[in-house]
>>> print(open('structure.cif').read())   # mmCIF, C-alpha atoms and all ligand atoms
data_query
#
loop_
_atom_site.label_atom_id
_atom_site.label_comp_id
_atom_site.auth_asym_id
_atom_site.auth_seq_id
_atom_site.Cartn_x
_atom_site.Cartn_y
_atom_site.Cartn_z
CA MET A 17 33.67 243.42 -1.77
CA ASN A 18 31.61 246.60 -1.41
CA GLY A 19 28.31 245.12 -0.26
CA PRO A 20 26.93 245.34 3.27
CA ARG A 21 29.10 243.77 5.97
CA VAL A 22 26.51 243.72 8.74
CA GLY A 23 23.05 242.21 8.46
CA ILE A 24 20.54 243.79 10.83
CA LEU A 25 17.59 241.46 11.26
CA MET A 26 14.45 241.71 13.31
CA GLY A 27 11.40 239.62 13.92
CA SER A 28 8.81 242.26 13.02
CA GLU A 29 8.41 245.68 11.45
CA SER A 30 7.40 246.76 14.97
CA ASP A 31 11.05 246.24 15.98
CA LEU A 32 12.29 248.80 13.46
CA PRO A 33 12.21 251.95 15.66
CA ALA A 34 14.79 250.39 17.99
CA MET A 35 16.83 248.45 15.44
CA ARG A 36 17.35 251.35 13.05
CA LEU A 37 19.58 252.85 15.77
CA CYS A 38 22.04 250.04 15.15
CA GLY A 39 22.26 251.14 11.53
CA GLU A 40 22.81 254.75 12.61
CA VAL A 41 25.79 253.70 14.73
CA LEU A 42 27.24 251.64 11.89
CA ASP A 43 26.88 254.70 9.64
CA GLU A 44 29.03 256.66 12.10
CA TYR A 45 31.80 254.07 11.57
CA GLY A 46 31.32 254.02 7.80
CA ILE A 47 30.28 250.36 7.87
CA GLY A 48 27.81 249.14 5.25
CA TRP A 49 24.71 247.30 6.46
CA GLU A 50 21.39 245.92 5.30
CA ILE A 51 18.10 245.40 7.05
CA ALA A 52 15.82 242.39 6.88
CA VAL A 53 12.57 241.61 8.68
CA MET A 54 11.84 237.92 9.23
CA SER A 55 10.50 236.11 12.24
CA ALA A 56 11.99 232.81 13.35
CA HIS A 57 8.47 231.66 14.16
CA ARG A 58 6.42 233.19 11.36
CA ALA A 59 8.91 232.85 8.50
CA PRO A 60 11.37 230.09 9.42
CA ASP A 61 12.18 229.21 5.79
CA ALA A 62 13.27 232.78 5.06
CA VAL A 63 15.43 232.86 8.20
CA ARG A 64 17.09 229.61 7.21
CA ALA A 65 17.78 230.81 3.65
CA TYR A 66 19.14 234.17 4.84
CA ALA A 67 21.44 232.60 7.43
CA ARG A 68 22.82 230.00 5.06
CA GLN A 69 23.60 232.60 2.39
CA ALA A 70 24.92 235.28 4.72
CA GLU A 71 28.63 234.41 4.64
CA ARG A 72 28.61 233.79 0.88
CA ARG A 73 26.98 237.21 0.38
CA GLY A 74 29.87 238.91 2.19
CA LEU A 75 28.21 239.59 5.52
CA GLN A 76 30.61 239.38 8.48
CA VAL A 77 28.40 240.04 11.49
CA LEU A 78 24.67 239.51 12.05
CA VAL A 79 22.70 241.65 14.51
CA ALA A 80 19.28 240.25 15.37
CA GLY A 81 16.63 242.00 17.41
CA ALA A 82 13.52 240.26 18.65
CA GLY A 83 10.94 240.54 21.38
CA ALA A 84 8.81 238.10 23.36
CA ALA A 85 9.87 234.46 22.77
CA ALA A 86 12.86 235.86 20.94
CA HIS A 87 14.38 232.97 19.02
CA LEU A 88 15.69 234.79 15.95
CA PRO A 89 19.28 235.42 17.16
CA GLY A 90 19.73 231.87 18.41
CA VAL A 91 18.29 230.28 15.30
CA LEU A 92 20.61 232.40 13.15
CA ALA A 93 23.58 231.36 15.30
CA SER A 94 22.64 227.74 14.75
CA LEU A 95 22.67 228.17 10.97
CA THR A 96 25.75 230.31 10.29
CA PRO A 97 29.33 230.44 11.59
CA LEU A 98 29.20 234.26 11.58
CA PRO A 99 29.16 236.06 14.94
CA VAL A 100 25.60 236.91 15.98
CA ILE A 101 24.71 239.80 18.29
CA GLY A 102 21.29 239.56 19.89
CA VAL A 103 19.19 242.55 20.89
CA PRO A 104 16.33 241.79 23.31
CA LEU A 105 13.39 244.07 22.61
CA ALA A 106 10.57 245.17 24.88
CA GLY A 107 7.05 244.90 23.60
CA THR A 108 5.19 242.59 25.92
CA PRO A 109 3.96 242.99 29.51
CA LEU A 110 7.32 241.49 30.57
CA ALA A 111 9.09 244.57 29.17
CA GLY A 112 11.91 242.72 27.41
CA PHE A 113 12.90 240.47 30.31
CA ASP A 114 11.36 237.58 28.38
CA ALA A 115 13.42 238.36 25.27
CA LEU A 116 16.58 238.92 27.33
CA LEU A 117 16.42 235.47 28.92
CA SER A 118 15.45 233.83 25.65
CA ILE A 119 18.39 235.37 23.78
CA VAL A 120 21.10 235.15 26.43
CA GLN A 121 20.58 231.55 27.55
CA MET A 122 22.12 229.81 24.56
CA PRO A 123 23.63 226.34 24.90
CA PRO A 124 27.44 225.99 24.78
CA GLY A 125 28.74 225.95 21.22
CA VAL A 126 26.05 228.23 19.80
CA PRO A 127 26.89 231.67 21.21
CA VAL A 128 24.86 234.83 20.84
CA ALA A 129 26.53 238.02 22.12
CA THR A 130 23.61 239.53 24.00
CA VAL A 131 23.39 243.28 24.57
CA ALA A 132 21.02 245.38 26.68
CA VAL A 133 17.27 245.50 26.19
CA GLY A 134 15.86 247.96 23.69
CA GLU A 135 17.37 251.05 22.09
CA MET A 136 20.47 251.05 24.28
CA GLY A 137 21.21 247.49 23.21
CA ALA A 138 20.52 248.24 19.55
CA ARG A 139 23.11 251.03 19.66
CA ASN A 140 25.64 248.85 21.45
CA ALA A 141 25.11 246.11 18.89
CA GLY A 142 26.40 248.57 16.30
CA HIS A 143 29.41 249.44 18.45
CA LEU A 144 30.17 245.77 19.12
CA ALA A 145 29.89 244.90 15.43
CA ALA A 146 32.37 247.70 14.69
CA ARG A 147 34.82 246.31 17.26
CA ILE A 148 34.55 242.86 15.69
CA LEU A 149 35.19 244.24 12.21
CA ALA A 150 38.04 246.38 13.56
CA LEU A 151 40.04 243.21 14.22
CA THR A 152 40.66 242.82 10.50
CA ASP A 153 40.00 246.32 9.14
CA ALA A 154 42.43 249.14 9.95
CA GLY A 155 39.98 251.81 8.81
CA VAL A 156 37.28 250.60 11.17
CA ALA A 157 39.89 250.18 13.93
CA ALA A 158 40.85 253.84 13.51
CA ALA A 159 37.20 254.87 13.67
CA VAL A 160 36.69 252.81 16.85
CA GLN A 161 39.76 254.40 18.41
CA ALA A 162 38.60 257.89 17.45
CA ARG A 163 35.22 257.19 19.00
CA ARG A 164 36.83 255.99 22.24
CA GLN A 165 38.98 259.08 22.42
CA GLU A 166 35.98 261.31 21.82
CA MET A 167 34.11 259.58 24.68
CA SER A 168 37.02 259.83 27.10
CA GLY A 169 37.09 263.58 26.48
CA ARG A 170 33.49 263.92 27.68
CA VAL A 171 34.27 264.82 31.30
CA ARG A 172 33.59 267.89 33.40
CA LEU A 173 36.43 268.57 35.81
CA PRO A 174 36.60 270.93 38.77
CA GLU A 175 38.50 274.12 38.03
CA GLY A 176 42.24 273.60 38.42
CA PHE A 177 41.94 269.81 38.57
CA ASP A 178 44.93 268.04 37.01
CA LEU A 179 43.95 264.73 35.45
CA ALA A 180 47.60 263.65 35.35
CA GLY A 181 48.23 264.72 38.93
CA ASP A 182 47.41 261.48 40.70
CA GLY A 183 51.07 260.46 40.89
CA PRO A 184 52.35 257.04 41.87
CA GLU A 185 50.23 254.52 43.77
CA GLU A 186 50.52 254.90 47.52
CA ALA A 187 52.20 251.97 49.27
C1 LIG A 201 8.61 239.10 17.96
O1 LIG A 201 7.36 239.39 18.43
C2 LIG A 201 9.06 240.33 17.22
O2 LIG A 201 10.46 240.44 17.24
C3 LIG A 201 8.39 241.45 17.95
O3 LIG A 201 9.27 242.06 18.88
C4 LIG A 201 7.26 240.76 18.69
C5 LIG A 201 5.89 241.26 18.30
O4 LIG A 201 5.74 241.21 16.91
P1 LIG A 201 4.49 241.90 16.20
O5 LIG A 201 3.28 241.22 16.73
O6 LIG A 201 4.56 243.38 16.53
O7 LIG A 201 4.70 241.67 14.73
O8 LIG A 201 8.63 238.01 17.11
#
>>> encode(input="structure.cif", output="structure tokens")
Amino acid sequence: MNGPRVGILMGSESDLPAMRLCGEVLDEYGIGWEIAVMSAHRAPDAVRAYARQAERRGLQVLVAGAGAAAHLPGVLASLTPLPVIGVPLAGTPLAGFDALLSIVQMPPGVPVATVAVGEMGARNAGHLAARILALTDAGVAAAVQARRQEMSGRVRLPEGFDLAGDGPEEA
């Protein structure tokens, strides 16, 4: 199947500036994705229809960003067996703390993998989705490994410092 494998959802168009970063990360891994805007509160019928069709449509991971009383990720997780990653977004006077608690405090049996608030979380949602897909996709696994190696090379060492020179553990 060549369609999108990750569905990126959000409660409002106002969430797009943060959530598009998730798509940018997925692009780096060569993973296809689609975007949908639908609020669990304002458009519950659309959320229900999307969640119930997601697996059949070939989606493998859902990423849902929402702010305020952020119920979108949890509602999706209640309606689909697919893994759901929740991104708490800031946008109220509580600066995302409201969304963080709303998304992370799911009851046992209906998990939402909750990432950091805002843009950092949106990016990590893309990385986490890639790691999930890497379990069954060698191409994505290679891309994840390449990314990890690239990150581990981002160090600045003192002149003459030997990274391999730490030797055996002292007794
Ligand atoms: C939430 O309410 C959305 O996810 C958004 O973060 C927040 C505010 O939505 P708008 O009033 O900007 O549409 O449902």
>>> residues_near_ligand(input="structure.cif", ligand="ligand LIG 201 (chain A)", cutoff="10 Å", atoms="all atoms listed in the file", output="PDB file with C-alpha atoms, in the frame of the given file")
ATOM      1  CA  LEU A  25      17.590 241.460  11.260  1.00  0.00           C
ATOM      2  CA  MET A  26      14.450 241.710  13.310  1.00  0.00           C
ATOM      3  CA  GLY A  27      11.400 239.620  13.920  1.00  0.00           C
ATOM      4  CA  SER A  28       8.810 242.260  13.020  1.00  0.00           C
ATOM      5  CA  GLU A  29       8.410 245.680  11.450  1.00  0.00           C
ATOM      6  CA  SER A  30       7.400 246.760  14.970  1.00  0.00           C
ATOM      7  CA  ASP A  31      11.050 246.240  15.980  1.00  0.00           C
ATOM      8  CA  LEU A  32      12.290 248.800  13.460  1.00  0.00           C
ATOM      9  CA  VAL A  53      12.570 241.610   8.680  1.00  0.00           C
ATOM     10  CA  MET A  54      11.840 237.920   9.230  1.00  0.00           C
ATOM     11  CA  SER A  55      10.500 236.110  12.240  1.00  0.00           C
ATOM     12  CA  ALA A  56      11.990 232.810  13.350  1.00  0.00           C
ATOM     13  CA  HIS A  57       8.470 231.660  14.160  1.00  0.00           C
ATOM     14  CA  ARG A  58       6.420 233.190  11.360  1.00  0.00           C
ATOM     15  CA  ALA A  80      19.280 240.250  15.370  1.00  0.00           C
ATOM     16  CA  GLY A  81      16.630 242.000  17.410  1.00  0.00           C
ATOM     17  CA  ALA A  82      13.520 240.260  18.650  1.00  0.00           C
ATOM     18  CA  GLY A  83      10.940 240.540  21.380  1.00  0.00           C
ATOM     19  CA  ALA A  84       8.810 238.100  23.360  1.00  0.00           C
ATOM     20  CA  ALA A  85       9.870 234.460  22.770  1.00  0.00           C
ATOM     21  CA  ALA A  86      12.860 235.860  20.940  1.00  0.00           C
ATOM     22  CA  HIS A  87      14.380 232.970  19.020  1.00  0.00           C
ATOM     23  CA  LEU A  88      15.690 234.790  15.950  1.00  0.00           C
ATOM     24  CA  VAL A 103      19.190 242.550  20.890  1.00  0.00           C
ATOM     25  CA  PRO A 104      16.330 241.790  23.310  1.00  0.00           C
ATOM     26  CA  LEU A 105      13.390 244.070  22.610  1.00  0.00           C
ATOM     27  CA  ALA A 106      10.570 245.170  24.880  1.00  0.00           C
ATOM     28  CA  GLY A 107       7.050 244.900  23.600  1.00  0.00           C
ATOM     29  CA  THR A 108       5.190 242.590  25.920  1.00  0.00           C
ATOM     30  CA  GLY A 112      11.910 242.720  27.410  1.00  0.00           C
ATOM     31  CA  ALA A 115      13.420 238.360  25.270  1.00  0.00           C
TER      32      ALA A 115
END
>>> residues_around(input="structure.cif", residues="range 126-141 of chain A", least_positions_apart="3", cutoff="8 Å", atoms="all atoms listed in the file", output="number ranges by chain")
A: 34-38, 40-41, 79, 81, 89-90, 93-94, 99-106, 112-113, 116, 119-120, 122-123, 144-145
>>> atom_distance(input="structure.cif", atom1="CA of Pro20 in chain A", atom2="CA of Ala59 in chain A")
22.5 Å
>>> atom_distance(input="structure.cif", atom1="CA of Val63 in chain A", atom2="CA of Leu98 in chain A")
14.2 Å
>>> atom_distance(input="structure.cif", atom1="CA of Ala52 in chain A", atom2="CA of Ile24 in chain A")
6.3 Å
>>> residues_around(input="structure.cif", residues="Val156 in chain A", least_positions_apart="2", cutoff="8 Å", atoms="all atoms listed in the file", output="count of residues only")
12
>>> closest_residue(input="structure.cif", among="A:Val91, A:Leu179, A:Ala157, A:Met167", to="Ala62 in chain A", atoms="all atoms listed in the file")
A:Val91
>>> residues_near_point(input="structure.cif", point="(29.2, 238.1, 8.1)", cutoff="10 Å", atoms="only C-alpha atoms", output="mmCIF file with C-alpha atoms, in the coordinates of the input")
data_model
loop_
_atom_site.group_PDB
_atom_site.id
_atom_site.type_symbol
_atom_site.label_atom_id
_atom_site.label_comp_id
_atom_site.auth_asym_id
_atom_site.auth_seq_id
_atom_site.Cartn_x
_atom_site.Cartn_y
_atom_site.Cartn_z
ATOM 1 C CA PRO A 20 26.930 245.340 3.270
ATOM 2 C CA ARG A 21 29.100 243.770 5.970
ATOM 3 C CA VAL A 22 26.510 243.720 8.740
ATOM 4 C CA GLY A 23 23.050 242.210 8.460
ATOM 5 C CA ALA A 67 21.440 232.600 7.430
ATOM 6 C CA GLN A 69 23.600 232.600 2.390
ATOM 7 C CA ALA A 70 24.920 235.280 4.720
ATOM 8 C CA GLU A 71 28.630 234.410 4.640
ATOM 9 C CA ARG A 72 28.610 233.790 0.880
ATOM 10 C CA ARG A 73 26.980 237.210 0.380
ATOM 11 C CA GLY A 74 29.870 238.910 2.190
ATOM 12 C CA LEU A 75 28.210 239.590 5.520
ATOM 13 C CA GLN A 76 30.610 239.380 8.480
ATOM 14 C CA VAL A 77 28.400 240.040 11.490
ATOM 15 C CA LEU A 78 24.670 239.510 12.050
ATOM 16 C CA VAL A 79 22.700 241.650 14.510
ATOM 17 C CA THR A 96 25.750 230.310 10.290
ATOM 18 C CA PRO A 97 29.330 230.440 11.590
ATOM 19 C CA LEU A 98 29.200 234.260 11.580
ATOM 20 C CA PRO A 99 29.160 236.060 14.940
ATOM 21 C CA VAL A 100 25.600 236.910 15.980
ATOM 22 C CA LEU A 149 35.190 244.240 12.210
#
>>> closest_residue(input="structure.cif", among="A:Gly19, A:Gly125, A:Gly142, A:Pro60", to="Gly39 in chain A", atoms="all atoms listed in the file")
A:Gly142
>>> decode(input="structure.cif", residues="range 22-58 of chain A", atoms="N, CA, C and O atoms", output="mmCIF file, in the first residue's frame")
data_model
loop_
_atom_site.group_PDB
_atom_site.id
_atom_site.type_symbol
_atom_site.label_atom_id
_atom_site.label_comp_id
_atom_site.auth_asym_id
_atom_site.auth_seq_id
_atom_site.Cartn_x
_atom_site.Cartn_y
_atom_site.Cartn_z
ATOM 1 N N VAL A 22 0.926 7.523 8.395
ATOM 2 C CA VAL A 22 0.726 8.267 9.645
ATOM 3 C C VAL A 22 -0.351 9.323 9.418
ATOM 4 O O VAL A 22 -0.279 10.085 8.447
ATOM 5 N N GLY A 23 -1.332 9.336 10.286
ATOM 6 C CA GLY A 23 -2.343 10.390 10.264
ATOM 7 C C GLY A 23 -1.996 11.425 11.315
ATOM 8 O O GLY A 23 -1.850 11.094 12.490
ATOM 9 N N ILE A 24 -1.813 12.666 10.875
ATOM 10 C CA ILE A 24 -1.534 13.765 11.810
ATOM 11 C C ILE A 24 -2.824 14.560 11.977
ATOM 12 O O ILE A 24 -3.287 15.196 11.017
ATOM 13 N N LEU A 25 -3.383 14.496 13.160
ATOM 14 C CA LEU A 25 -4.643 15.196 13.404
ATOM 15 C C LEU A 25 -4.438 16.323 14.393
ATOM 16 O O LEU A 25 -3.512 16.293 15.204
ATOM 17 N N MET A 26 -5.344 17.284 14.321
ATOM 18 C CA MET A 26 -5.288 18.378 15.295
ATOM 19 C C MET A 26 -6.681 18.943 15.472
ATOM 20 O O MET A 26 -7.536 18.813 14.587
ATOM 21 N N GLY A 27 -6.878 19.579 16.621
ATOM 22 C CA GLY A 27 -8.208 20.047 16.947
ATOM 23 C C GLY A 27 -8.631 21.309 16.220
ATOM 24 O O GLY A 27 -9.816 21.605 16.124
ATOM 25 N N SER A 28 -7.666 22.076 15.711
ATOM 26 C CA SER A 28 -7.978 23.365 15.109
ATOM 27 C C SER A 28 -6.896 23.739 14.105
ATOM 28 O O SER A 28 -5.739 23.320 14.240
ATOM 29 N N GLU A 29 -7.280 24.561 13.131
ATOM 30 C CA GLU A 29 -6.281 25.098 12.198
ATOM 31 C C GLU A 29 -5.203 25.877 12.956
ATOM 32 O O GLU A 29 -4.062 25.970 12.506
ATOM 33 N N SER A 30 -5.565 26.405 14.136
ATOM 34 C CA SER A 30 -4.579 27.172 14.907
ATOM 35 C C SER A 30 -3.466 26.271 15.454
ATOM 36 O O SER A 30 -2.440 26.761 15.909
ATOM 37 N N ASP A 31 -3.660 24.965 15.386
ATOM 38 C CA ASP A 31 -2.624 24.025 15.838
ATOM 39 C C ASP A 31 -1.600 23.709 14.740
ATOM 40 O O ASP A 31 -0.568 23.067 15.000
ATOM 41 N N LEU A 32 -1.901 24.146 13.534
ATOM 42 C CA LEU A 32 -1.088 23.749 12.373
ATOM 43 C C LEU A 32 0.384 24.178 12.443
ATOM 44 O O LEU A 32 1.270 23.394 12.070
ATOM 45 N N PRO A 33 0.690 25.408 12.901
ATOM 46 C CA PRO A 33 2.108 25.802 12.923
ATOM 47 C C PRO A 33 2.986 24.830 13.706
ATOM 48 O O PRO A 33 4.129 24.576 13.317
ATOM 49 N N ALA A 34 2.479 24.282 14.800
ATOM 50 C CA ALA A 34 3.266 23.298 15.555
ATOM 51 C C ALA A 34 3.201 21.930 14.886
ATOM 52 O O ALA A 34 4.236 21.277 14.685
ATOM 53 N N MET A 35 2.027 21.496 14.489
ATOM 54 C CA MET A 35 1.857 20.111 14.042
ATOM 55 C C MET A 35 2.491 19.842 12.681
ATOM 56 O O MET A 35 2.826 18.696 12.369
ATOM 57 N N ARG A 36 2.678 20.885 11.887
ATOM 58 C CA ARG A 36 3.323 20.638 10.580
ATOM 59 C C ARG A 36 4.770 20.169 10.779
ATOM 60 O O ARG A 36 5.336 19.510 9.913
ATOM 61 N N LEU A 37 5.358 20.476 11.933
ATOM 62 C CA LEU A 37 6.723 20.029 12.207
ATOM 63 C C LEU A 37 6.800 18.514 12.309
ATOM 64 O O LEU A 37 7.822 17.912 11.984
ATOM 65 N N CYS A 38 5.728 17.895 12.747
ATOM 66 C CA CYS A 38 5.680 16.427 12.781
ATOM 67 C C CYS A 38 5.797 15.887 11.359
ATOM 68 O O CYS A 38 6.556 14.943 11.103
ATOM 69 N N GLY A 39 5.066 16.501 10.443
ATOM 70 C CA GLY A 39 5.144 16.079 9.039
ATOM 71 C C GLY A 39 6.532 16.279 8.458
ATOM 72 O O GLY A 39 7.025 15.439 7.696
ATOM 73 N N GLU A 40 7.193 17.377 8.861
ATOM 74 C CA GLU A 40 8.556 17.615 8.354
ATOM 75 C C GLU A 40 9.507 16.518 8.798
ATOM 76 O O GLU A 40 10.363 16.075 8.036
ATOM 77 N N VAL A 41 9.358 16.077 10.046
ATOM 78 C CA VAL A 41 10.215 14.986 10.545
ATOM 79 C C VAL A 41 9.917 13.691 9.789
ATOM 80 O O VAL A 41 10.834 12.963 9.374
ATOM 81 N N LEU A 42 8.642 13.403 9.596
ATOM 82 C CA LEU A 42 8.290 12.175 8.857
ATOM 83 C C LEU A 42 8.852 12.224 7.439
ATOM 84 O O LEU A 42 9.287 11.191 6.903
ATOM 85 N N ASP A 43 8.861 13.407 6.825
ATOM 86 C CA ASP A 43 9.463 13.556 5.495
ATOM 87 C C ASP A 43 10.937 13.149 5.514
ATOM 88 O O ASP A 43 11.441 12.529 4.585
ATOM 89 N N GLU A 44 11.624 13.519 6.596
ATOM 90 C CA GLU A 44 13.057 13.187 6.694
ATOM 91 C C GLU A 44 13.268 11.672 6.690
ATOM 92 O O GLU A 44 14.312 11.191 6.261
ATOM 93 N N TYR A 45 12.291 10.933 7.200
ATOM 94 C CA TYR A 45 12.386 9.460 7.230
ATOM 95 C C TYR A 45 11.771 8.828 5.976
ATOM 96 O O TYR A 45 11.780 7.612 5.836
ATOM 97 N N GLY A 46 11.191 9.646 5.116
ATOM 98 C CA GLY A 46 10.550 9.105 3.913
ATOM 99 C C GLY A 46 9.239 8.396 4.206
ATOM 100 O O GLY A 46 8.829 7.490 3.471
ATOM 101 N N ILE A 47 8.572 8.816 5.273
ATOM 102 C CA ILE A 47 7.303 8.186 5.679
ATOM 103 C C ILE A 47 6.131 9.055 5.206
ATOM 104 O O ILE A 47 6.089 10.261 5.482
ATOM 105 N N GLY A 48 5.182 8.431 4.519
ATOM 106 C CA GLY A 48 4.022 9.168 4.025
ATOM 107 C C GLY A 48 3.038 9.502 5.144
ATOM 108 O O GLY A 48 2.834 8.707 6.061
ATOM 109 N N TRP A 49 2.439 10.675 5.065
ATOM 110 C CA TRP A 49 1.507 11.114 6.107
ATOM 111 C C TRP A 49 0.398 11.956 5.505
ATOM 112 O O TRP A 49 0.505 12.418 4.370
ATOM 113 N N GLU A 50 -0.655 12.117 6.276
ATOM 114 C CA GLU A 50 -1.743 13.016 5.874
ATOM 115 C C GLU A 50 -2.127 13.865 7.070
ATOM 116 O O GLU A 50 -1.816 13.515 8.215
ATOM 117 N N ILE A 51 -2.752 14.983 6.773
ATOM 118 C CA ILE A 51 -3.161 15.893 7.855
ATOM 119 C C ILE A 51 -4.680 16.013 7.861
ATOM 120 O O ILE A 51 -5.310 16.049 6.805
ATOM 121 N N ALA A 52 -5.243 16.065 9.055
ATOM 122 C CA ALA A 52 -6.679 16.301 9.184
ATOM 123 C C ALA A 52 -6.911 17.218 10.377
ATOM 124 O O ALA A 52 -6.207 17.140 11.378
ATOM 125 N N VAL A 53 -7.865 18.106 10.233
ATOM 126 C CA VAL A 53 -8.244 19.013 11.319
ATOM 127 C C VAL A 53 -9.660 18.660 11.744
ATOM 128 O O VAL A 53 -10.590 18.715 10.936
ATOM 129 N N MET A 54 -9.814 18.245 12.984
ATOM 130 C CA MET A 54 -11.156 17.916 13.504
ATOM 131 C C MET A 54 -11.101 17.903 15.033
ATOM 132 O O MET A 54 -10.261 17.255 15.630
ATOM 133 N N SER A 55 -11.965 18.642 15.622
ATOM 134 C CA SER A 55 -11.984 18.746 17.075
ATOM 135 C C SER A 55 -12.875 17.666 17.678
ATOM 136 O O SER A 55 -13.977 17.401 17.188
ATOM 137 N N ALA A 56 -12.390 17.075 18.762
ATOM 138 C CA ALA A 56 -13.196 16.065 19.463
ATOM 139 C C ALA A 56 -14.467 16.683 20.035
ATOM 140 O O ALA A 56 -15.472 15.989 20.198
ATOM 141 N N HIS A 57 -14.414 17.979 20.306
ATOM 142 C CA HIS A 57 -15.584 18.640 20.896
ATOM 143 C C HIS A 57 -16.482 19.254 19.840
ATOM 144 O O HIS A 57 -17.701 19.205 19.953
ATOM 145 N N ARG A 58 -15.873 19.853 18.817
ATOM 146 C CA ARG A 58 -16.672 20.586 17.836
ATOM 147 C C ARG A 58 -17.144 19.704 16.689
ATOM 148 O O ARG A 58 -18.099 20.031 16.000
#
